[in-house]
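For reference, the structure discussed in these notes is given below.
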Amino acid sequence: MIILGIDGLDPDLLTKFMAEGKMPNFARLAAQGSFRRLTTSIPPQSPVAWSNMITGMNAGGHGVFDFIHRDPKTLQLYFSTSKVEGPKHSLHIGSWVIPLGGGTAEQLRHGKAFWEILDEHGVPNYVYRIPANFPPIVAKGKTLSGMGTPDLRGTYGTFTFYTDDPTAAVGALEGGEIVQVEVKNNRVATNLIGPDNSFRRNSLPSTEPFTVDVDPLEPVARIGLEDRQFVLKEGEWSGWVPVEFQLMPLFGNWIGNVKGICRFYLKQAHPRFQLYVSPINIDPENPALPISTPSGYSRDLAKQIGEFHTQGIAEDTKALTAGVLDDKEFLEQSHTVLAEHRRAFDAEFPKFHQGLFFFYFSSLDLNGHMLWRLTDPQSPAYDAALAAQYGSSLEEFYEQMDQVLGEVMPKVDENTTLLVLSDHGFAPFRRSFNLNTWLLNNGYVTRKADAGGDSSEPFADVDWSRTRAYGLGINGLYLNVRGREREGMVDPAEADALLREIRQKLLEVRDPKDGSQVITRIDLASEVYQGPYARTGPDALVGYNRGYRSGWKTILGAFPAEVLEDNTNPWSGDHCMDFTKVPGVLLSNRKIEAQAPALTDMAPTIL
């Protein structure tokens with residue numbers, strides 16, 4: 001069995017491109033076998049959807065409800081699929097902290113993965129970058145972790161931008177950090193920012209110095225890092241550059257060091273200095289955290305195809321959103337990601353002869369998010385000039401997926417089953433709905449009398465003694481239930497009636513801009529989830545209409561001034577909506593009997 005998992009492959013776009021003759025291999029597969037729309041998860045977020053596919057269960061069984069979860073007793077937020085912790089015990093000597101024992105990386109997805117069951121039955125299997133599998137579960141086959149794998153700093157990806165522009169907004173921003181530097185005698189001396197140094201009290205970030213010598217006349221610079229030097233022209237990317245962060249000295253040597261890899265992009269040499277450095281990825285040749293099974297597989301793969309992105313979300317969408325990379329530069333980075341995936345595919349697929357081969361591609365999803373505006377004149381972020389330049393880029397990524405399928409199909413014989421599937425489709429994201437602001441305006445949230453405006457702290461100044469409901473995550477609606485939340489005040493006996501009241505009011509919300517229905521369905525957890533974790537996530541899931549999604553600030557518990565806002569962010573396509581409006585795709589060389597297959601059907605079908 002061969003499975004191509006193509007995140008974000010949309011059935012409407014696929015149908016259009018097949019009809020236009022741009023995806024002949026998909027058209028041939030659909031004609032020979034079957035093509036169905038695939039019912040996605042509730043909510044249709046990638047970690048939830050792939051967990052459905054992996055386990056054959058919905059979120060009530062595997063416990064992944066969103067990218068973001070909360071501890072109801074503390075309202076601390078955490079990534080939904082994994083947790084990385086330092087050593088539990090340590091010895092303190094002056095300003096140094098000596099760890100006693102190692103740290104841990106824990107996977108938070110529950111349930112048995114389909115390849116675990118294959119292992120139990122002696123079926124060889126290969127699983128490449130499937131989401132929601134970090135750290136990778138113990139497996140007999142080769143696996144590489146995907147979405148959910150952090151960078152070396154423990155984040156979903158933090159880039160750094162170095163500039164001498166005095167007007168630059170220096171400091172941390174979502175997904176990145178801007179560092180002010182000085183060009184002195186044509187030289188910049190600064191630091192790469194690494195993981196927090198847990199050997200130091202207060203865990204300040206570790207750093208590694210590097211220099212940049214800027215040619216005074218030509219648009220070129222020489223970068224020196226550790227024992228390496230390399231030259232970049234303006235507008236040029238480096239390859240992967242290894243870096244080692246030194247954490248603690250011991251008898252003249254350093255212990256506890258961690259190795260990573262990063263890429264440099266010289267955006268401008270002068271008149272202003274501008275240098276982008278990618279998130280520091282875990283080095284596949286020297287992984288600081290477990291990313292593969294067997295543990296040496298990532299090293300073996302790197303030796304075959306060269307170093308590659310290990311960070312789960314490899315395309316740097318945050319740098320484009322921040323204006324640090326422009327569309328051309330973002331596309332160059334995205335094409336590098338896809339080229340790495342294709343090199344890995346070309347290295348591994350010819351070795352496959354029996355059992356199961358699963359290979360994941362991220363490009364349609366991440367580029368769908370960022371490039372949708374260039375195909376949608378109704379998008380508030382639409383730019384006609386950019387659309388003329390790059391409007392066909394998303395289509396070109398689709399065509400590359402067709403090329404991959406063209407490599408697979410000659411290997412498919414009567415003893416081979418081929419599945420091509422996506423976890424969800426795509427839709428425009430033109431307007432943001434700020435759920436927490438709506439709850440505040442409608443009396444379900446109360447803030448303290450002296451509450452300020454927007455705050456970066458989740459639920460800042462909320463009076464929990466008078467708050468009945470709150471929004472968290474992209475689709476989650478929670479009640480402030482007595483005995484569950486730290487300051488819960490809703491009687492559990494009244495919770496169901498309150499949820500139904502809020503549901504009815506939200507379904508009545510119309511966009512004052514054109515009268516459109518903003519929210520087309522709200523699913524109660526009690527109605528759609530089954531399993532031991534069904535009551536540990538949101539109490540209800542907000543399903544937005546096509547064109548709408550939750551606003552970025554409301555996702556983390558903030559209260560923007562307006563309930564509805566235009567989305568001018570480059571992140572202009574999405575799928576975290578009403579699950580019936582963004583189905584995925586399923587194609588097979590076999591006839592598919594089910595007329596309405598779902599992601600939860602995939603694991604039992606594979607088995």
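In the structure tokens, chains take the letters A, B, ... in the order shown, each chain's residues start at 1, and ligands count up from 1 in the order shown.
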Report as a tab-separated table: every residue of segment 8-120 of chain A with an atom at most 10 Å from segment 457-462 of chain A, its closest pair of atoms, and their distance in Å to one decimal, counting only C-alpha atoms, with rows sorted by chain and ascending residue number.
residue	atom	partner	partner_atom	distance
A:Leu75	CA	A:Pro458	CA	8.5
A:Gln76	CA	A:Pro458	CA	8.8
A:Leu77	CA	A:Pro458	CA	8.7
Fewer than 3 positions away in the same chain doesn't count, so skip those; otherwise give me all residues within 8 Å of Tyr126 of chain A, counting only C-alpha atoms, as an mmCIF file with all heavy atoms, in the first residue's frame.
data_model
loop_
_atom_site.group_PDB
_atom_site.id
_atom_site.type_symbol
_atom_site.label_atom_id
_atom_site.label_comp_id
_atom_site.auth_asym_id
_atom_site.auth_seq_id
_atom_site.Cartn_x
_atom_site.Cartn_y
_atom_site.Cartn_z
ATOM 1 N N GLY A 141 9.486 0.363 12.003
ATOM 2 C CA GLY A 141 9.823 0.905 10.690
ATOM 3 C C GLY A 141 10.512 2.247 10.794
ATOM 4 O O GLY A 141 10.783 2.765 11.882
ATOM 5 N N LYS A 142 10.801 2.826 9.633
ATOM 6 C CA LYS A 142 11.411 4.146 9.583
ATOM 7 C C LYS A 142 10.313 5.202 9.668
ATOM 8 O O LYS A 142 9.349 5.165 8.901
ATOM 9 C CB LYS A 142 12.191 4.324 8.276
ATOM 10 C CG LYS A 142 13.445 3.478 8.166
ATOM 11 C CD LYS A 142 14.112 3.737 6.821
ATOM 12 C CE LYS A 142 15.380 2.893 6.659
ATOM 13 N NZ LYS A 142 15.989 3.112 5.321
ATOM 14 N N THR A 143 10.469 6.149 10.597
ATOM 15 C CA THR A 143 9.553 7.274 10.680
ATOM 16 C C THR A 143 10.362 8.539 10.910
ATOM 17 O O THR A 143 11.430 8.510 11.519
ATOM 18 C CB THR A 143 8.522 7.126 11.819
ATOM 19 O OG1 THR A 143 9.180 7.262 13.088
ATOM 20 C CG2 THR A 143 7.812 5.793 11.762
ATOM 21 N N LEU A 356 3.766 -1.000 3.787
ATOM 22 C CA LEU A 356 3.114 0.290 3.639
ATOM 23 C C LEU A 356 4.154 1.404 3.502
ATOM 24 O O LEU A 356 5.146 1.436 4.231
ATOM 25 C CB LEU A 356 2.203 0.589 4.834
ATOM 26 C CG LEU A 356 1.536 1.980 4.793
ATOM 27 C CD1 LEU A 356 0.060 1.883 5.102
ATOM 28 C CD2 LEU A 356 2.214 2.944 5.766
ATOM 29 N N PHE A 357 3.882 2.328 2.586
ATOM 30 C CA PHE A 357 4.732 3.496 2.380
ATOM 31 C C PHE A 357 3.842 4.727 2.471
ATOM 32 O O PHE A 357 2.929 4.918 1.651
ATOM 33 C CB PHE A 357 5.398 3.425 1.002
ATOM 34 C CG PHE A 357 6.331 4.572 0.696
ATOM 35 C CD1 PHE A 357 7.677 4.496 1.022
ATOM 36 C CD2 PHE A 357 5.865 5.724 0.055
ATOM 37 C CE1 PHE A 357 8.543 5.550 0.725
ATOM 38 C CE2 PHE A 357 6.719 6.774 -0.245
ATOM 39 C CZ PHE A 357 8.070 6.690 0.095
ATOM 40 N N PHE A 358 4.076 5.580 3.488
ATOM 41 C CA PHE A 358 3.316 6.827 3.656
ATOM 42 C C PHE A 358 4.275 7.997 3.530
ATOM 43 O O PHE A 358 5.312 8.033 4.194
ATOM 44 C CB PHE A 358 2.625 6.880 5.025
ATOM 45 C CG PHE A 358 1.951 8.207 5.295
ATOM 46 C CD1 PHE A 358 0.606 8.372 5.027
ATOM 47 C CD2 PHE A 358 2.667 9.300 5.788
ATOM 48 C CE1 PHE A 358 -0.013 9.599 5.246
ATOM 49 C CE2 PHE A 358 2.061 10.530 6.001
ATOM 50 C CZ PHE A 358 0.714 10.681 5.735
#
Just give me the gap between atom CA of Arg535 of chain A and atom CA of Pro131 of chain A in Å, one decimal is fine. 23.3 Å
Atom CA of Ala105 of chain A to atom CA of Ala139 of chain A measures 16.2 Å
For Val408 of chain A, the nearest of the candidates A:Asp196, A:Asp346, A:Asp164, A:Asp316, counting only C-alpha atoms: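 Selected residue with least distance to Val408 of chain A: A:Asp346.
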Which parts of segment 271-417 of chain A does DSSP call strand (DSSP E or B) when run on the backbone here, written out as a list in words? Gln274, Leu275, Tyr276, Val277, Asn281, Ile282, Ser292, Thr293, Leu356, Phe357, Phe358, Phe359, Tyr360 and Phe361 of chain A
Counting only C-alpha atoms, which residue out of A:Ala387, A:Pro350, A:Lys22, A:Pro72 sits closest to Arg482 of chain A? A:Pro72
Minimum-distance residue to Thr15 of chain A, chosen among A:Leu599, A:Tyr398, A:Phe210, A:Gly473 (using only C-alpha atoms):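 Looking only at the distances to Thr15 of chain A, the closest residue turns out to be A:Tyr398.
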